[in-house]
$ cat query22.csv   # CSV, C-alpha atoms and all ligand atoms
chain,number,residue,atom,x,y,z
A,183,MET,CA,-14.1,-61.6,76.0
A,184,LYS,CA,-11.4,-63.0,78.2
A,185,MET,CA,-8.0,-61.4,78.1
A,186,PRO,CA,-5.0,-63.8,78.0
A,187,PRO,CA,-2.9,-63.4,81.2
A,188,VAL,CA,0.3,-62.6,79.1
A,189,LEU,CA,-1.4,-59.7,77.4
A,190,PHE,CA,-2.7,-58.5,80.8
A,191,GLY,CA,0.8,-58.6,82.2
A,192,ILE,CA,2.2,-56.6,79.3
A,193,LEU,CA,-0.5,-54.0,79.7
A,194,ALA,CA,0.1,-53.7,83.4
A,195,PHE,CA,3.8,-53.3,82.8
A,196,ILE,CA,3.2,-50.5,80.3
A,197,VAL,CA,0.9,-48.6,82.7
A,198,LEU,CA,3.5,-49.0,85.4
A,199,ILE,CA,6.4,-47.5,83.5
A,200,MET,CA,4.2,-44.8,81.9
A,201,LYS,CA,2.5,-43.8,85.1
A,202,ASP,CA,4.3,-40.5,85.6
A,203,THR,CA,3.8,-39.5,81.9
A,204,ILE,CA,0.1,-40.3,82.1
A,205,VAL,CA,-0.3,-38.2,85.3
A,206,ALA,CA,1.8,-35.4,83.8
A,207,MET,CA,-0.3,-35.3,80.6
A,208,ALA,CA,-3.6,-35.5,82.5
A,209,GLN,CA,-3.1,-32.2,84.3
A,210,PRO,CA,-2.9,-29.8,81.3
A,211,VAL,CA,-5.7,-31.6,79.6
A,212,GLY,CA,-7.8,-31.2,82.7
A,213,ILE,CA,-7.0,-27.5,82.8
A,214,LEU,CA,-7.8,-27.1,79.1
A,215,ILE,CA,-11.2,-28.8,79.5
A,216,ALA,CA,-12.0,-26.6,82.6
A,217,VAL,CA,-11.1,-23.4,80.6
A,218,ILE,CA,-13.2,-24.4,77.6
A,219,PHE,CA,-16.1,-25.2,79.9
A,220,GLY,CA,-15.7,-21.9,81.8
A,221,VAL,CA,-15.7,-19.9,78.5
A,222,LEU,CA,-18.8,-21.7,77.3
A,223,VAL,CA,-20.6,-21.0,80.6
A,224,LEU,CA,-19.5,-17.3,80.5
A,225,TYR,CA,-20.8,-16.9,77.0
A,226,GLN,CA,-24.1,-18.4,77.9
A,227,VAL,CA,-24.4,-16.0,80.8
A,228,TYR,CA,-23.4,-13.1,78.5
A,229,SER,CA,-25.8,-14.0,75.7
A,230,PHE,CA,-28.6,-14.6,78.2
A,231,SER,CA,-28.2,-11.2,79.7
A,232,TYR,CA,-27.9,-9.6,76.2
A,233,PHE,CA,-31.1,-11.2,74.9
A,234,SER,CA,-33.1,-10.3,78.1
A,235,GLY,CA,-31.7,-6.8,78.3
A,236,GLU,CA,-33.5,-3.5,77.5
A,237,LYS,CA,-31.3,-2.7,74.6
A,238,PHE,CA,-32.2,-5.8,72.7
A,239,LYS,CA,-35.9,-5.4,73.5
A,240,LYS,CA,-35.7,-1.9,72.0
A,241,LEU,CA,-34.0,-3.2,68.9
A,242,LYS,CA,-36.6,-5.9,68.5
A,243,LYS,CA,-39.4,-3.3,68.9
A,244,SER,CA,-37.8,-1.1,66.2
A,245,ILE,CA,-38.1,-3.8,63.5
A,246,GLU,CA,-41.4,-5.2,64.7
A,247,GLU,CA,-43.2,-4.2,61.5
A,248,TYR,CA,-40.7,-6.0,59.3
A,249,THR,CA,-40.7,-9.1,61.4
A,250,LYS,CA,-44.5,-9.2,61.3
A,251,ASN,CA,-44.5,-8.7,57.5
A,252,CYS,CA,-42.0,-11.6,57.0
A,253,ASN,CA,-44.0,-13.9,59.3
A,254,GLU,CA,-47.2,-13.1,57.4
A,255,LEU,CA,-45.6,-13.8,54.1
A,256,ASN,CA,-44.2,-17.0,55.6
A,257,HIS,CA,-47.7,-18.1,56.7
A,258,HIS,CA,-49.0,-17.3,53.2
A,259,ILE,CA,-46.4,-19.5,51.6
A,260,GLN,CA,-47.2,-22.4,53.9
A,261,GLU,CA,-50.9,-22.1,52.8
A,262,LEU,CA,-49.9,-22.0,49.1
A,263,LYS,CA,-48.1,-25.3,49.7
A,264,ASN,CA,-51.5,-26.9,50.6
A,265,ALA,CA,-52.9,-26.2,47.1
A,266,TYR,CA,-52.7,-29.8,46.1
A,267,VAL,CA,-55.1,-30.9,48.8
A,268,ASP,CA,-58.1,-29.5,46.9
A,269,VAL,CA,-57.2,-31.3,43.7
A,270,THR,CA,-57.2,-34.7,45.4
A,271,SER,CA,-60.1,-34.2,47.8
A,272,GLN,CA,-62.2,-37.1,46.5
A,273,ASP,CA,-62.9,-39.5,49.4
A,274,TYR,CA,-62.7,-43.1,48.3
A,275,GLY,CA,-63.5,-44.4,51.8
A,276,HIS,CA,-61.5,-46.4,54.3
A,277,SER,CA,-60.6,-50.0,54.5
A,278,THR,CA,-58.2,-52.4,56.2
A,279,LEU,CA,-56.1,-55.0,54.4
A,280,GLN,CA,-55.0,-58.0,56.4
A,281,ASP,CA,-52.3,-60.4,55.1
A,282,GLY,CA,-53.5,-63.8,56.2
A,283,SER,CA,-50.7,-65.8,54.6
A,284,ASN,CA,-49.0,-68.6,56.7
A,285,TYR,CA,-45.5,-67.6,55.7
A,286,ASN,CA,-43.6,-64.8,57.3
A,287,PHE,CA,-43.1,-62.8,54.1
A,288,LYS,CA,-40.7,-59.8,54.3
A,289,ARG,CA,-42.9,-57.3,52.5
A,290,THR,CA,-41.3,-54.3,54.2
A,291,GLU,CA,-41.7,-52.1,51.1
A,292,TRP,CA,-45.5,-52.4,51.4
A,293,ASN,CA,-45.5,-51.2,54.9
A,294,LYS,CA,-43.4,-48.1,54.0
A,295,SER,CA,-46.2,-46.8,51.7
A,296,ILE,CA,-49.0,-46.7,54.3
A,297,LYS,CA,-48.6,-43.0,55.0
A,298,ASN,CA,-48.3,-41.9,51.3
A,299,ASN,CA,-51.6,-41.4,49.6
A,300,TYR,CA,-50.3,-41.8,46.1
A,301,VAL,CA,-48.9,-45.3,45.8
A,302,HIS,CA,-49.9,-47.9,43.3
A,303,ASN,CA,-48.7,-51.4,43.8
A,304,CYS,CA,-48.3,-53.0,40.5
A,305,SER,CA,-46.4,-55.5,38.4
A,306,LEU,CA,-42.8,-55.0,37.5
A,307,SER,CA,-43.6,-54.3,33.9
A,308,VAL,CA,-46.1,-51.5,34.8
A,309,CYS,CA,-43.5,-50.1,37.1
A,310,LYS,CA,-41.0,-50.0,34.3
A,311,ASN,CA,-43.4,-48.6,31.8
A,312,ALA,CA,-44.4,-45.8,34.2
A,313,ASN,CA,-40.7,-44.9,34.3
A,314,ASP,CA,-40.7,-44.6,30.5
A,315,GLN,CA,-44.0,-42.7,30.1
A,316,PRO,CA,-44.7,-41.1,33.6
A,317,PHE,CA,-47.6,-38.8,32.6
A,318,LYS,CA,-49.4,-41.5,30.6
A,319,TYR,CA,-49.3,-44.0,33.5
A,320,LEU,CA,-50.1,-41.3,36.0
A,321,CYS,CA,-53.4,-40.5,34.3
A,322,LYS,CA,-54.2,-44.2,33.8
A,323,TYR,CA,-53.5,-45.6,37.2
A,324,PHE,CA,-54.3,-42.6,39.4
A,325,ASP,CA,-57.5,-41.8,37.7
A,326,ILE,CA,-56.6,-38.3,36.4
A,327,LYS,CA,-59.0,-37.5,33.6
A,328,ALA,CA,-57.8,-35.5,30.7
A,329,ASN,CA,-60.6,-32.8,30.8
A,330,GLU,CA,-60.9,-29.1,31.2
A,331,GLU,CA,-61.6,-29.3,34.9
A,332,ALA,CA,-58.5,-31.4,35.7
A,333,LEU,CA,-56.4,-29.1,33.6
A,334,SER,CA,-57.7,-25.9,35.4
A,335,ASN,CA,-57.1,-27.6,38.8
A,336,PHE,CA,-53.5,-28.5,37.9
A,337,GLU,CA,-52.9,-25.0,36.6
A,338,ALA,CA,-54.1,-23.5,39.9
A,339,VAL,CA,-51.8,-25.8,41.8
A,340,LEU,CA,-48.9,-24.9,39.6
A,341,ASN,CA,-49.7,-21.2,40.1
A,342,ASP,CA,-49.6,-21.6,43.9
A,343,PHE,CA,-46.6,-23.8,44.0
A,344,ALA,CA,-44.6,-21.5,41.8
A,345,ALA,CA,-45.5,-18.6,44.1
A,346,ALA,CA,-44.6,-20.6,47.1
A,347,GLU,CA,-41.2,-21.5,45.6
A,348,GLN,CA,-40.5,-17.9,44.7
A,349,GLY,CA,-41.9,-16.7,48.0
A,350,LYS,CA,-39.8,-18.8,50.3
A,351,LEU,CA,-36.6,-17.5,48.7
A,352,LEU,CA,-37.8,-13.9,48.7
A,353,VAL,CA,-38.9,-14.0,52.4
A,354,LYS,CA,-35.5,-15.5,53.3
A,355,ALA,CA,-33.6,-12.8,51.4
A,356,GLU,CA,-35.7,-10.1,53.0
A,357,ARG,CA,-35.1,-11.5,56.5
A,358,ASP,CA,-31.4,-11.8,55.9
A,359,LEU,CA,-31.3,-8.2,54.6
A,360,ILE,CA,-33.0,-7.0,57.7
A,361,ILE,CA,-30.5,-8.9,59.9
A,362,THR,CA,-27.5,-7.6,58.0
A,363,ASN,CA,-28.7,-4.1,58.3
A,364,LEU,CA,-28.8,-4.5,62.1
A,365,LYS,CA,-25.2,-5.7,62.2
A,366,THR,CA,-23.8,-2.5,63.6
A,367,SER,CA,-26.3,-2.4,66.4
A,368,ILE,CA,-25.6,-6.0,67.6
A,369,PRO,CA,-22.5,-7.1,69.5
A,370,SER,CA,-20.2,-8.9,67.1
A,371,LEU,CA,-19.9,-11.9,69.4
A,372,ILE,CA,-23.6,-12.5,69.3
A,373,PHE,CA,-23.8,-11.8,65.6
A,374,SER,CA,-21.0,-14.4,64.8
A,375,PHE,CA,-21.8,-17.1,67.3
A,376,SER,CA,-25.6,-16.9,68.0
A,377,LYS,CA,-27.0,-16.0,64.6
A,378,LYS,CA,-29.7,-18.7,64.7
A,379,ARG,CA,-30.8,-17.7,68.2
A,380,LEU,CA,-30.6,-14.0,67.2
A,381,ILE,CA,-33.1,-14.6,64.4
A,382,LYS,CA,-35.4,-16.5,66.7
A,383,GLU,CA,-35.2,-13.9,69.5
A,384,LEU,CA,-35.9,-11.1,67.1
A,385,GLY,CA,-39.2,-12.8,66.4
A,386,PHE,CA,-38.7,-14.3,63.0
A,387,GLU,CA,-40.4,-17.6,62.5
A,388,GLU,CA,-38.6,-20.4,60.8
A,389,ILE,CA,-38.7,-20.5,57.0
A,390,ASP,CA,-39.1,-24.0,55.6
A,391,LEU,CA,-37.0,-24.1,52.5
A,392,SER,CA,-37.5,-27.8,51.8
A,393,ASP,CA,-39.5,-29.0,48.8
A,394,LEU,CA,-41.1,-31.9,50.6
A,395,TYR,CA,-44.5,-30.6,50.0
A,396,PHE,CA,-44.5,-31.6,46.3
A,397,PRO,CA,-46.8,-34.6,45.9
A,398,ILE,CA,-45.0,-37.8,44.8
A,399,TYR,CA,-46.8,-40.5,42.9
A,400,THR,CA,-45.2,-43.9,43.3
A,401,PHE,CA,-45.5,-47.0,41.2
A,402,GLN,CA,-44.2,-49.9,43.3
A,403,TYR,CA,-43.6,-53.5,42.6
A,404,VAL,CA,-43.0,-56.0,45.4
A,405,SER,CA,-42.5,-59.7,44.6
A,406,ALA,CA,-44.8,-62.2,46.3
A,407,GLY,CA,-42.1,-63.2,48.8
A,408,GLY,CA,-41.2,-59.6,49.3
A,409,ASN,CA,-37.6,-60.1,48.6
A,410,SER,CA,-37.4,-58.2,45.4
A,411,SER,CA,-38.9,-54.7,44.8
A,412,SER,CA,-38.7,-51.9,42.4
A,413,LYS,CA,-40.0,-48.3,42.6
A,414,CYS,CA,-40.8,-45.4,40.3
A,415,ASP,CA,-41.4,-42.0,41.8
A,416,ILE,CA,-43.1,-39.2,39.9
A,417,LYS,CA,-42.5,-35.9,41.8
A,418,MET,CA,-45.0,-33.2,40.8
A,419,ASP,CA,-42.7,-30.2,41.3
A,420,VAL,CA,-43.0,-27.0,39.4
A,421,ASN,CA,-41.1,-28.3,36.4
A,422,ASN,CA,-43.0,-31.5,36.1
A,423,LEU,CA,-46.4,-29.7,36.7
A,424,ASP,CA,-45.5,-27.3,33.9
A,425,ARG,CA,-44.9,-30.3,31.6
A,426,PHE,CA,-47.9,-32.2,32.8
A,427,ILE,CA,-50.2,-29.2,32.0
A,428,ASP,CA,-48.8,-29.2,28.4
A,429,TYR,CA,-49.4,-33.0,28.3
A,430,LEU,CA,-53.0,-32.8,29.5
A,431,SER,CA,-53.8,-29.9,27.2
A,432,SER,CA,-52.5,-31.9,24.2
A,433,LEU,CA,-54.8,-34.8,25.1
A,434,ILE,CA,-57.8,-32.4,25.4
A,435,LYS,CA,-57.0,-30.6,22.2
A,436,PHE,CA,-57.0,-33.9,20.5
A,437,ARG,CA,-60.6,-34.5,21.4
A,438,ASN,CA,-62.2,-31.1,21.2
A,439,SER,CA,-61.1,-27.5,20.7
A,440,VAL,CA,-62.0,-26.0,24.1
A,441,ALA,CA,-58.5,-25.9,25.4
A,442,GLY,CA,-57.4,-24.4,22.1
A,443,GLN,CA,-59.3,-21.3,22.7
A,444,ARG,CA,-57.5,-20.3,25.8
A,445,ALA,CA,-53.9,-19.8,26.9
A,446,LEU,CA,-52.2,-22.4,29.1
A,447,MET,CA,-51.3,-21.1,32.6
A,448,THR,CA,-47.7,-22.2,32.5
A,449,SER,CA,-44.6,-20.6,34.1
A,450,ARG,CA,-43.8,-18.9,30.8
A,451,LEU,CA,-47.2,-17.2,30.6
A,452,ARG,CA,-46.9,-16.1,34.2
A,453,GLU,CA,-43.6,-14.5,33.7
A,454,SER,CA,-44.8,-12.7,30.6
A,455,ILE,CA,-47.8,-11.2,32.4
A,456,LYS,CA,-45.5,-9.9,35.2
A,457,GLU,CA,-43.3,-8.5,32.4
A,458,ARG,CA,-46.3,-6.8,30.7
A,459,ASP,CA,-47.4,-5.3,34.1
A,460,ASN,CA,-43.8,-4.0,34.7
A,461,HIS,CA,-43.6,-6.2,37.9
A,462,THR,CA,-46.1,-3.9,39.6
A,463,CYS,CA,-49.3,-4.7,41.5
A,464,ARG,CA,-52.3,-3.6,39.5
A,465,THR,CA,-54.3,-2.9,42.7
A,466,CYS,CA,-52.1,-1.0,45.1
A,467,GLY,CA,-49.3,0.0,42.7
A,468,ILE,CA,-46.4,-1.5,44.8
A,469,SER,CA,-43.6,-2.5,42.5
A,470,ALA,CA,-40.7,-5.0,42.6
A,471,HIS,CA,-38.5,-2.1,41.4
A,472,ASN,CA,-38.9,-0.4,44.7
A,473,GLU,CA,-39.3,-3.5,46.9
A,474,LYS,CA,-36.6,-5.9,46.0
A,475,HIS,CA,-38.1,-8.9,47.7
A,476,LEU,CA,-41.8,-8.4,46.7
A,477,LEU,CA,-43.8,-11.6,46.0
A,478,LEU,CA,-45.9,-11.0,42.9
A,479,GLU,CA,-48.7,-13.4,41.9
A,480,ILE,CA,-50.9,-13.9,38.9
A,481,ASP,CA,-54.6,-13.5,39.3
A,482,HIS,CA,-57.6,-14.2,37.1
A,483,ILE,CA,-59.5,-10.8,37.0
A,484,ILE,CA,-62.8,-12.7,36.4
A,485,PRO,CA,-62.2,-15.9,38.5
A,486,LEU,CA,-62.4,-19.3,36.8
A,487,SER,CA,-65.3,-20.2,39.1
A,488,LYS,CA,-67.3,-17.2,37.7
A,489,GLY,CA,-66.7,-18.2,34.1
A,490,GLY,CA,-63.4,-16.3,33.5
A,491,ILE,CA,-60.9,-17.9,31.2
A,492,THR,CA,-57.1,-18.0,31.1
A,493,SER,CA,-56.4,-15.4,28.5
A,494,GLU,CA,-53.9,-12.6,28.6
A,495,ASN,CA,-56.6,-9.9,29.1
A,496,ASN,CA,-58.2,-11.8,32.0
A,497,LEU,CA,-54.8,-12.1,33.9
A,498,GLN,CA,-53.2,-9.5,36.0
A,499,THR,CA,-50.2,-9.1,38.4
A,500,LEU,CA,-51.1,-8.6,42.0
A,501,CYS,CA,-48.8,-8.4,45.1
A,502,TRP,CA,-49.4,-11.3,47.5
A,503,LYS,CA,-51.3,-9.2,50.0
A,504,CYS,CA,-53.8,-7.8,47.4
A,505,ASN,CA,-54.3,-11.2,45.9
A,506,ARG,CA,-55.0,-12.7,49.3
A,507,SER,CA,-57.5,-10.1,50.2
A,508,LYS,CA,-59.2,-10.4,46.8
A,509,GLY,CA,-59.5,-14.2,47.4
A,510,SER,CA,-61.0,-13.8,50.8
A,511,LYS,CA,-63.6,-11.3,49.5
A,512,LEU,CA,-64.8,-13.7,46.8
A,513,VAL,CA,-65.4,-16.4,49.5
B,1,ZN,ZN,-51.0,-4.9,45.9
$ encode --input "query22.csv" --output "structure tokens" --more "lines below"
Ligand SMILES: [Zn+2]
Amino acid sequence: MKMPPVLFGILAFIVLIMKDTIVAMAQPVGILIAVIFGVLVLYQVYSFSYFSGEKFKKLKKSIEEYTKNCNELNHHIQELKNAYVDVTSQDYGHSTLQDGSNYNFKRTEWNKSIKNNYVHNCSLSVCKNANDQPFKYLCKYFDIKANEEALSNFEAVLNDFAAAEQGKLLVKAERDLIITNLKTSIPSLIFSFSKKRLIKELGFEEIDLSDLYFPIYTFQYVSAGGNSSSKCDIKMDVNNLDRFIDYLSSLIKFRNSVAGQRALMTSRLRESIKERDNHTCRTCGISAHNEKHLLLEIDHIIPLSKGGITSENNLQTLCWKCNRSKGSKLV
């Protein structure tokens, strides 16, 4: 851009008459920046020497057991989040689709879906109908059969996802409680300004609070030219899984009475079993009344794989550690 000479002249004139003011203002601003910079550097040095000092190492050592426990629970939760992988493990093979059309269509929506396993490209009307009756279209287009096996699989996923959702809040609460209890032993500057670093330096691993692990089924319409598109997402979170289990069971009941003989492993049933067992692990006796942030899970006493069914007398409350060690013994 070319500046007109008149404008340039005016600007030069302003700078000339304001020269002294600009210089006068620059000085205190420079000093202020230097002071802020100096304080920041000093704080870095201070926090570095605190975190590498003996006192902090001792403090870290004193809570070692708690940090280890929190991290173990955190790993357990991350594993629970993978529950869905088993349900959809069928391998349909691999192929490559090439678009050989002569025109440079803008089908950007199609490219977006490559990384997502659960996308169905369909007509606009299917997309709209899926939005009206999500579960019906989910079964139809993603090949989910309304049978006892699928129902059990989804119940197991719901059981694990519900534990993961509860667990991540409990582990965060437990970690925060430990940190709060340390408050008096930690310099208030560090506690107020370096909380995140403090948590990390104490050895706590990051807790992932996002719910991005819930599978999402997508119905997607993209017009031939790629200029118009429409999308319907069905997110299988705890609430939707609960409802989906009811839906599947109603379809099965309609055909035969197998599902009618057993209870449905819904959130409601899980809570009622915990209530019945007084929120206490039936193996080791640890109770949520004594350990505020204890993760309790629901276990099939005789596993489904060994012919056990979902009925109140085949279900029990276990703490996550006992449930985990029971699971590994069975394998
Ligand atoms: Zn236990």
$ closest_residue --input "query22.csv" --among "A:Leu214, A:Ile468, A:Leu241, A:Ile480" --to "ligand ZN 1 (chain B)" --atoms "only C-alpha atoms and all ligand atoms"
A:Ile468
$ residues_near_ligand --input "query22.csv" --ligand "ligand ZN 1 (chain B)" --cutoff "12 Å" --atoms "only C-alpha atoms and all ligand atoms" --output "list in words"
His461, Thr462, Cys463, Arg464, Thr465, Cys466, Gly467, Ile468, Ser469, Ala470, Glu473, Leu476, Leu477, Leu478, Glu479, Ile480, Asp481, Gln498, Thr499, Leu500, Cys501, Trp502, Lys503, Cys504, Asn505, Arg506, Ser507 and Lys508 of chain A
$ residues_around --input "query22.csv" --residues "segment 395-408 of chain A" --least-positions-apart "2" --cutoff "8 Å" --atoms "only C-alpha atoms" --output "compact mmCIF listing (two decimals) with C-alpha atoms, in the coordinates of the input"
# COMPACT_ATOMS: atom_id res chain seq x y z
CA LYS A 263 -48.10 -25.30 49.70
CA ASN A 264 -51.50 -26.90 50.60
CA TYR A 266 -52.70 -29.80 46.10
CA PHE A 287 -43.10 -62.80 54.10
CA LYS A 288 -40.70 -59.80 54.30
CA ARG A 289 -42.90 -57.30 52.50
CA THR A 290 -41.30 -54.30 54.20
CA GLU A 291 -41.70 -52.10 51.10
CA TRP A 292 -45.50 -52.40 51.40
CA TYR A 300 -50.30 -41.80 46.10
CA VAL A 301 -48.90 -45.30 45.80
CA HIS A 302 -49.90 -47.90 43.30
CA ASN A 303 -48.70 -51.40 43.80
CA CYS A 304 -48.30 -53.00 40.50
CA SER A 305 -46.40 -55.50 38.40
CA LEU A 306 -42.80 -55.00 37.50
CA VAL A 308 -46.10 -51.50 34.80
CA CYS A 309 -43.50 -50.10 37.10
CA ALA A 312 -44.40 -45.80 34.20
CA LEU A 320 -50.10 -41.30 36.00
CA SER A 392 -37.50 -27.80 51.80
CA ASP A 393 -39.50 -29.00 48.80
CA SER A 410 -37.40 -58.20 45.40
CA SER A 411 -38.90 -54.70 44.80
CA SER A 412 -38.70 -51.90 42.40
CA LYS A 413 -40.00 -48.30 42.60
CA CYS A 414 -40.80 -45.40 40.30
CA ASP A 415 -41.40 -42.00 41.80
CA ILE A 416 -43.10 -39.20 39.90
CA LYS A 417 -42.50 -35.90 41.80
CA MET A 418 -45.00 -33.20 40.80
CA ASP A 419 -42.70 -30.20 41.30
$ residues_around --input "query22.csv" --residues "Ser229 of chain A" --least-positions-apart "2" --cutoff "12 Å" --atoms "all atoms listed in the file" --output "ChimeraX atom specification"
/A:222-227,231-235,238,368-377,379-380,383
$ atom_distance --input "query22.csv" --atom1 "atom CA of Lys350 of chain A" --atom2 "atom CA of Asp390 of chain A"
7.5 Å
$ residues_around --input "query22.csv" --residues "Cys321 of chain A" --least-positions-apart "5" --cutoff "12 Å" --atoms "only C-alpha atoms" --output "list of chain:residue names"
A:Ala312, A:Gln315, A:Pro316, A:Ile326, A:Lys327, A:Ala328, A:Asn329, A:Ala332, A:Leu333, A:Tyr399, A:Ile416, A:Phe426, A:Ile427, A:Tyr429, A:Leu430, A:Leu433
$ atom_distance --input "query22.csv" --atom1 "atom CA of Phe195 of chain A" --atom2 "atom CA of Gly212 of chain A"
25.0 Å
$ residues_near_point --input "query22.csv" --point "(-51.1, -27.8, 40.3)" --cutoff "9 Å" --atoms "only C-alpha atoms" --output "compact mmCIF listing (two decimals) with C-alpha atoms, in the coordinates of the input"
# COMPACT_ATOMS: atom_id res chain seq x y z
CA ALA A 265 -52.90 -26.20 47.10
CA TYR A 266 -52.70 -29.80 46.10
CA VAL A 269 -57.20 -31.30 43.70
CA LEU A 333 -56.40 -29.10 33.60
CA SER A 334 -57.70 -25.90 35.40
CA ASN A 335 -57.10 -27.60 38.80
CA PHE A 336 -53.50 -28.50 37.90
CA GLU A 337 -52.90 -25.00 36.60
CA ALA A 338 -54.10 -23.50 39.90
CA VAL A 339 -51.80 -25.80 41.80
CA LEU A 340 -48.90 -24.90 39.60
CA ASN A 341 -49.70 -21.20 40.10
CA ASP A 342 -49.60 -21.60 43.90
CA PHE A 343 -46.60 -23.80 44.00
CA MET A 418 -45.00 -33.20 40.80
CA ASP A 419 -42.70 -30.20 41.30
CA VAL A 420 -43.00 -27.00 39.40
CA LEU A 423 -46.40 -29.70 36.70
CA ASP A 424 -45.50 -27.30 33.90
CA ILE A 427 -50.20 -29.20 32.00
$ closest_residue --input "query22.csv" --among "A:Ile484, A:Ile245, A:Ala346, A:Ile196" --to "Gln260 of chain A" --atoms "all atoms listed in the file"
A:Ala346
$ residues_around --input "query22.csv" --residues "segment 356-363 of chain A" --least-positions-apart "6" --cutoff "9 Å" --atoms "all atoms listed in the file" --output "ChimeraX atom specification"
/A:245,248-249,252,380-381,386,474-476
$ closest_residue --input "query22.csv" --among "A:Asn256, A:Ser431, A:Ser367, A:Asn421" --to "Leu352 of chain A" --atoms "only C-alpha atoms"
A:Asn256
$ atom_distance --input "query22.csv" --atom1 "atom CA of Lys239 of chain A" --atom2 "atom CA of Glu388 of chain A"
19.8 Å
$ closest_residue --input "query22.csv" --among "A:Leu451, A:Thr366, A:Leu193, A:Leu384" --to "Glu247 of chain A" --atoms "all atoms listed in the file"
A:Leu384
